[in-house]
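Here's the structure we're looking at; comments come further down.
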Amino acid sequence: MTSKYLKQILTGDVLRDSVMKDMFKALDLPAGSRGLDVGCGPGLQCIPMAQSTGPDGHVTGLDVEREFLEYGRNKVDAAGVAETVSFVKGSVRSIPASEDAFDWVWSSDCVGYAPWDPVPLLEELIRVTRPGGRLFIAAWSSENLLPGYPLLEAKLKATKAGLAPFSGEMHPSRHFMKFTGFLRKTGLVDTGVSTFAGTVRAPLSPRMYEALESLFEMMWDGAEGELSEKDAAEFRRILSPQSPGFILKDPDYYAFFTYSVFSGTVPDASISDQILSRN
């Protein structure tokens, strides 16, 4: 039986598809390279990465959920890239791979969203990446999903549900948008960040309609209780699928969201010695 979380990921794939394609095109992964997808989930992103690296490359998907890995194996087989993709059960805290095993490491909606200190996680990613290799940390970074209702959307974003995976008590330095600091702290060089936008507009396909429904539930489940009575009534009117005013029924519906990708290069020994000497 497929878990609710896996269903949510699969349902939302159509929403992220175009922006993910833009990100992978910008990564320009070298043909024949070896890469690691940390927190790969059901392996959906391993497929375009394997297509980028070609028949001489290899992509390893790492996740703690066995259900995700089993789904991923079936998916890459159906996509015809089973020979260049493998899946491993394991945690980012202790990756089952040797030092310098990969040319690049990718993590989407995983390492960047961790509620714990990301520095030890980055250090583990660096351990398995060769000198000169690249790290890419991506995560959903913003959204505008309720056109015509900016005040209600702002209030929803300020709820505990809307702030997740962050919290109101989190120090500003721990926020994902400050991730460049973590990259520098671990000694990575040539750090950078790029942001990619995904857009949605009516008329919505059945799959996109379902994906947005699922996204609303995932983002704002439980948020209604933190709203005023007036705002809660508006929330139910435009965000209840059974309501005549459900926002996805709007023939002029338009929304956008962004993903941001932070990157850095693992320095070679000579550069590392220079950094250490300065510190």
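Ligands are numbered from 1 in the order shown, residues from 1 within each chain, and chains are lettered A, B, ... in the order they appear in the structure tokens.
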Report as number ranges by chain all protein, DNA and RNA residues lying within 9 Å of stretch 12-21 of chain A, evaluated on only C-alpha atoms, omitting residues in the same chain fewer than 4 positions from it.
A: 7-8, 25-26, 44-45, 48, 196-200, 207-208, 210-212, 214-215, 258-259
Got time to write the residues from that selection, N, CA and C atoms, as a PDB file, in the first residue's frame?
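result-v1.pdb was written with the following content:
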ATOM      1  N   LYS A   7       2.232   9.367  -1.906  1.00  0.00           N
ATOM      2  CA  LYS A   7       1.175   9.837  -2.795  1.00  0.00           C
ATOM      3  C   LYS A   7       1.281  11.352  -3.005  1.00  0.00           C
ATOM      4  N   GLN A   8       1.573  12.093  -1.923  1.00  0.00           N
ATOM      5  CA  GLN A   8       1.708  13.549  -2.039  1.00  0.00           C
ATOM      6  C   GLN A   8       2.866  13.919  -2.961  1.00  0.00           C
ATOM      7  N   LYS A  25      18.934  21.645 -16.412  1.00  0.00           N
ATOM      8  CA  LYS A  25      19.592  22.206 -17.591  1.00  0.00           C
ATOM      9  C   LYS A  25      20.676  23.180 -17.165  1.00  0.00           C
ATOM     10  N   ALA A  26      20.389  23.996 -16.138  1.00  0.00           N
ATOM     11  CA  ALA A  26      21.369  24.979 -15.661  1.00  0.00           C
ATOM     12  C   ALA A  26      22.543  24.307 -14.952  1.00  0.00           C
ATOM     13  N   LEU A  44      12.437  10.360  -8.619  1.00  0.00           N
ATOM     14  CA  LEU A  44      11.961  11.049  -9.818  1.00  0.00           C
ATOM     15  C   LEU A  44      13.039  11.938 -10.440  1.00  0.00           C
ATOM     16  N   GLN A  45      13.863  12.559  -9.610  1.00  0.00           N
ATOM     17  CA  GLN A  45      14.890  13.457 -10.134  1.00  0.00           C
ATOM     18  C   GLN A  45      16.131  12.703 -10.610  1.00  0.00           C
ATOM     19  N   PRO A  48      16.141  12.451 -14.871  1.00  0.00           N
ATOM     20  CA  PRO A  48      16.746  13.489 -15.730  1.00  0.00           C
ATOM     21  C   PRO A  48      18.232  13.677 -15.470  1.00  0.00           C
ATOM     22  N   PHE A 196      14.795  29.725  -9.564  1.00  0.00           N
ATOM     23  CA  PHE A 196      14.037  29.302 -10.733  1.00  0.00           C
ATOM     24  C   PHE A 196      12.550  29.371 -10.407  1.00  0.00           C
ATOM     25  N   ALA A 197      11.774  29.917 -11.320  1.00  0.00           N
ATOM     26  CA  ALA A 197      10.336  30.089 -11.093  1.00  0.00           C
ATOM     27  C   ALA A 197       9.521  29.065 -11.868  1.00  0.00           C
ATOM     28  N   GLY A 198       8.496  28.567 -11.200  1.00  0.00           N
ATOM     29  CA  GLY A 198       7.517  27.716 -11.851  1.00  0.00           C
ATOM     30  C   GLY A 198       6.181  28.444 -11.869  1.00  0.00           C
ATOM     31  N   THR A 199       5.461  28.354 -12.955  1.00  0.00           N
ATOM     32  CA  THR A 199       4.188  29.047 -13.077  1.00  0.00           C
ATOM     33  C   THR A 199       3.062  28.074 -13.400  1.00  0.00           C
ATOM     34  N   VAL A 200       1.855  28.455 -12.970  1.00  0.00           N
ATOM     35  CA  VAL A 200       0.656  27.655 -13.200  1.00  0.00           C
ATOM     36  C   VAL A 200      -0.464  28.609 -13.596  1.00  0.00           C
ATOM     37  N   ARG A 207      -4.512  16.638 -13.608  1.00  0.00           N
ATOM     38  CA  ARG A 207      -3.334  16.334 -12.778  1.00  0.00           C
ATOM     39  C   ARG A 207      -2.843  17.581 -12.041  1.00  0.00           C
ATOM     40  N   MET A 208      -2.829  18.736 -12.720  1.00  0.00           N
ATOM     41  CA  MET A 208      -2.380  19.964 -12.070  1.00  0.00           C
ATOM     42  C   MET A 208      -3.368  20.398 -10.995  1.00  0.00           C
ATOM     43  N   GLU A 210      -5.259  18.445  -9.210  1.00  0.00           N
ATOM     44  CA  GLU A 210      -5.032  17.552  -8.068  1.00  0.00           C
ATOM     45  C   GLU A 210      -3.750  17.921  -7.324  1.00  0.00           C
ATOM     46  N   ALA A 211      -2.701  18.299  -8.071  1.00  0.00           N
ATOM     47  CA  ALA A 211      -1.432  18.656  -7.446  1.00  0.00           C
ATOM     48  C   ALA A 211      -1.575  19.904  -6.575  1.00  0.00           C
ATOM     49  N   LEU A 212      -2.299  20.892  -7.062  1.00  0.00           N
ATOM     50  CA  LEU A 212      -2.491  22.118  -6.286  1.00  0.00           C
ATOM     51  C   LEU A 212      -3.374  21.865  -5.073  1.00  0.00           C
ATOM     52  N   SER A 214      -3.511  19.114  -3.389  1.00  0.00           N
ATOM     53  CA  SER A 214      -2.629  18.437  -2.445  1.00  0.00           C
ATOM     54  C   SER A 214      -1.653  19.420  -1.808  1.00  0.00           C
ATOM     55  N   LEU A 215      -1.140  20.362  -2.597  1.00  0.00           N
ATOM     56  CA  LEU A 215      -0.209  21.353  -2.073  1.00  0.00           C
ATOM     57  C   LEU A 215      -0.873  22.224  -1.020  1.00  0.00           C
ATOM     58  N   THR A 258       8.888  29.497  -6.403  1.00  0.00           N
ATOM     59  CA  THR A 258      10.307  29.471  -6.756  1.00  0.00           C
ATOM     60  C   THR A 258      11.046  28.372  -6.003  1.00  0.00           C
ATOM     61  N   TYR A 259      12.083  27.884  -6.670  1.00  0.00           N
ATOM     62  CA  TYR A 259      13.082  27.025  -6.047  1.00  0.00           C
ATOM     63  C   TYR A 259      14.411  27.765  -6.107  1.00  0.00           C
TER      64      TYR A 259
END
Give the strand (DSSP E or B) residues of stretch 13-216 of chain A, as DSSP finds them on the backbone, and put them as number ranges by chain.
A: 34-38, 58-63, 85-89, 91, 94, 102-108, 129-144, 189-201
Shell around A:Gly35 at 12 Å using only C-alpha atoms, local window under 2 positions removed, as a PyMOL selection string:
chain A and resi 29-33+37-38+40+45-47+49-50+52-54+56-62+84-87+97+100-107+125+128-130+133-136
Mind pulling up the distance from atom CA of A:Thr265 to atom CA of A:Ile95?
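Computing it gives 19.0 Å between the two atoms.
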Pick from A:Ser91, A:Leu188, A:Gly41, A:Glu234: nearest to A:Leu69, with only C-alpha atoms counted?
A:Gly41
Find the spatial neighbours of A:Phe182, counting only C-alpha atoms, within a cut-off of 9 Å - ignore same-chain residues fewer than 6 positions away - and output them as a PyMOL selection string.
chain A and resi 118-119+122+174+188
Could you write out the selected residues, including N, CA and C atoms, as an mmCIF file, in the first residue's frame?
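What landed in result07.cif:
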data_model
loop_
_atom_site.group_PDB
_atom_site.id
_atom_site.type_symbol
_atom_site.label_atom_id
_atom_site.label_comp_id
_atom_site.auth_asym_id
_atom_site.auth_seq_id
_atom_site.Cartn_x
_atom_site.Cartn_y
_atom_site.Cartn_z
ATOM 1 N N PRO A 118 22.813 22.224 9.729
ATOM 2 C CA PRO A 118 23.184 21.628 8.448
ATOM 3 C C PRO A 118 24.686 21.450 8.245
ATOM 4 N N VAL A 119 25.516 22.081 9.083
ATOM 5 C CA VAL A 119 26.966 22.009 8.869
ATOM 6 C C VAL A 119 27.483 20.568 8.916
ATOM 7 N N LEU A 122 26.519 18.891 5.687
ATOM 8 C CA LEU A 122 27.346 19.333 4.564
ATOM 9 C C LEU A 122 28.731 18.704 4.625
ATOM 10 N N ARG A 174 19.623 30.574 10.605
ATOM 11 C CA ARG A 174 19.335 29.179 10.304
ATOM 12 C C ARG A 174 18.393 29.019 9.108
ATOM 13 N N LEU A 188 33.687 25.390 1.489
ATOM 14 C CA LEU A 188 33.424 25.339 0.054
ATOM 15 C C LEU A 188 33.779 26.669 -0.602
#
I need the alpha helix (DSSP H) residues of stretch 44-165 of chain A per DSSP on the backbone, written as a PyMOL selection string.
chain A and resi 46-53+66-79+118-127+150-157+160-163
If I take atom CA of A:Gly132 and atom CA of A:Asp190, how far is one from the other in Å, to one decimal?
10.2 Å
Contacts of A:Glu67 at 9 Å or less, counting only C-alpha atoms, minus same-chain residues fewer than 3 places along, as a PDB file with N, CA and C atoms, in the first residue's frame?
ATOM      1  N   THR A   2       0.569   2.179  -0.890  1.00  0.00           N
ATOM      2  CA  THR A   2       1.350   3.408  -0.981  1.00  0.00           C
ATOM      3  C   THR A   2       1.006   4.340   0.176  1.00  0.00           C
ATOM      4  N   SER A   3       2.018   4.865   0.851  1.00  0.00           N
ATOM      5  CA  SER A   3       1.791   5.752   1.978  1.00  0.00           C
ATOM      6  C   SER A   3       1.254   7.098   1.511  1.00  0.00           C
ATOM      7  N   LEU A   6       4.117   9.386   0.147  1.00  0.00           N
ATOM      8  CA  LEU A   6       4.545   9.053  -1.205  1.00  0.00           C
ATOM      9  C   LEU A   6       3.505   9.535  -2.222  1.00  0.00           C
ATOM     10  N   GLY A  41      13.943  10.499  -2.301  1.00  0.00           N
ATOM     11  CA  GLY A  41      12.537  10.159  -2.329  1.00  0.00           C
ATOM     12  C   GLY A  41      12.289   9.012  -3.294  1.00  0.00           C
ATOM     13  N   PRO A  42      11.241   9.109  -4.119  1.00  0.00           N
ATOM     14  CA  PRO A  42      10.938   8.012  -5.052  1.00  0.00           C
ATOM     15  C   PRO A  42      11.771   8.031  -6.323  1.00  0.00           C
ATOM     16  N   GLU A  70      12.110   1.404  -3.483  1.00  0.00           N
ATOM     17  CA  GLU A  70      11.480   0.367  -4.306  1.00  0.00           C
ATOM     18  C   GLU A  70      10.709   0.993  -5.463  1.00  0.00           C
ATOM     19  N   TYR A  71      10.018   2.080  -5.178  1.00  0.00           N
ATOM     20  CA  TYR A  71       9.302   2.770  -6.246  1.00  0.00           C
ATOM     21  C   TYR A  71      10.303   3.314  -7.275  1.00  0.00           C
ATOM     22  N   GLY A  72      11.408   3.891  -6.781  1.00  0.00           N
ATOM     23  CA  GLY A  72      12.406   4.464  -7.670  1.00  0.00           C
ATOM     24  C   GLY A  72      13.007   3.431  -8.598  1.00  0.00           C
TER      25      GLY A  72
END
List the neighbours of A:Pro251 out to 12 Å using only C-alpha atoms; skip same-chain residues closer than 4 positions along the sequence, and give me the result as a PyMOL selection string.
chain A and resi 147+201-204+245-247
Write the residues of the preceding selection, restricted to N, CA and C atoms, as a short mmCIF file (atom, residue, chain, number, x, y, z; two decimals), in the first residue's frame.
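Just written: part08.cif:
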data_model
loop_
_atom_site.label_atom_id
_atom_site.label_comp_id
_atom_site.auth_asym_id
_atom_site.auth_seq_id
_atom_site.Cartn_x
_atom_site.Cartn_y
_atom_site.Cartn_z
N PRO A 147 -4.10 34.16 -5.86
CA PRO A 147 -4.25 35.44 -6.55
C PRO A 147 -5.55 36.14 -6.14
N ARG A 201 -1.23 28.25 -14.61
CA ARG A 201 -2.37 29.09 -14.99
C ARG A 201 -3.51 28.24 -15.53
N ALA A 202 -4.70 28.77 -15.37
CA ALA A 202 -5.88 28.10 -15.90
C ALA A 202 -5.88 28.18 -17.43
N PRO A 203 -6.51 27.22 -18.10
CA PRO A 203 -7.25 26.09 -17.53
C PRO A 203 -6.30 25.01 -17.01
N LEU A 204 -6.64 24.45 -15.87
CA LEU A 204 -5.78 23.46 -15.23
C LEU A 204 -6.12 22.06 -15.71
N GLY A 245 -16.77 28.70 -4.39
CA GLY A 245 -15.74 29.71 -4.55
C GLY A 245 -14.32 29.18 -4.50
N PHE A 246 -14.15 27.84 -4.57
CA PHE A 246 -12.81 27.24 -4.52
C PHE A 246 -11.92 27.90 -5.57
N ILE A 247 -10.77 28.37 -5.14
CA ILE A 247 -9.94 29.22 -5.99
C ILE A 247 -9.47 28.54 -7.27
#
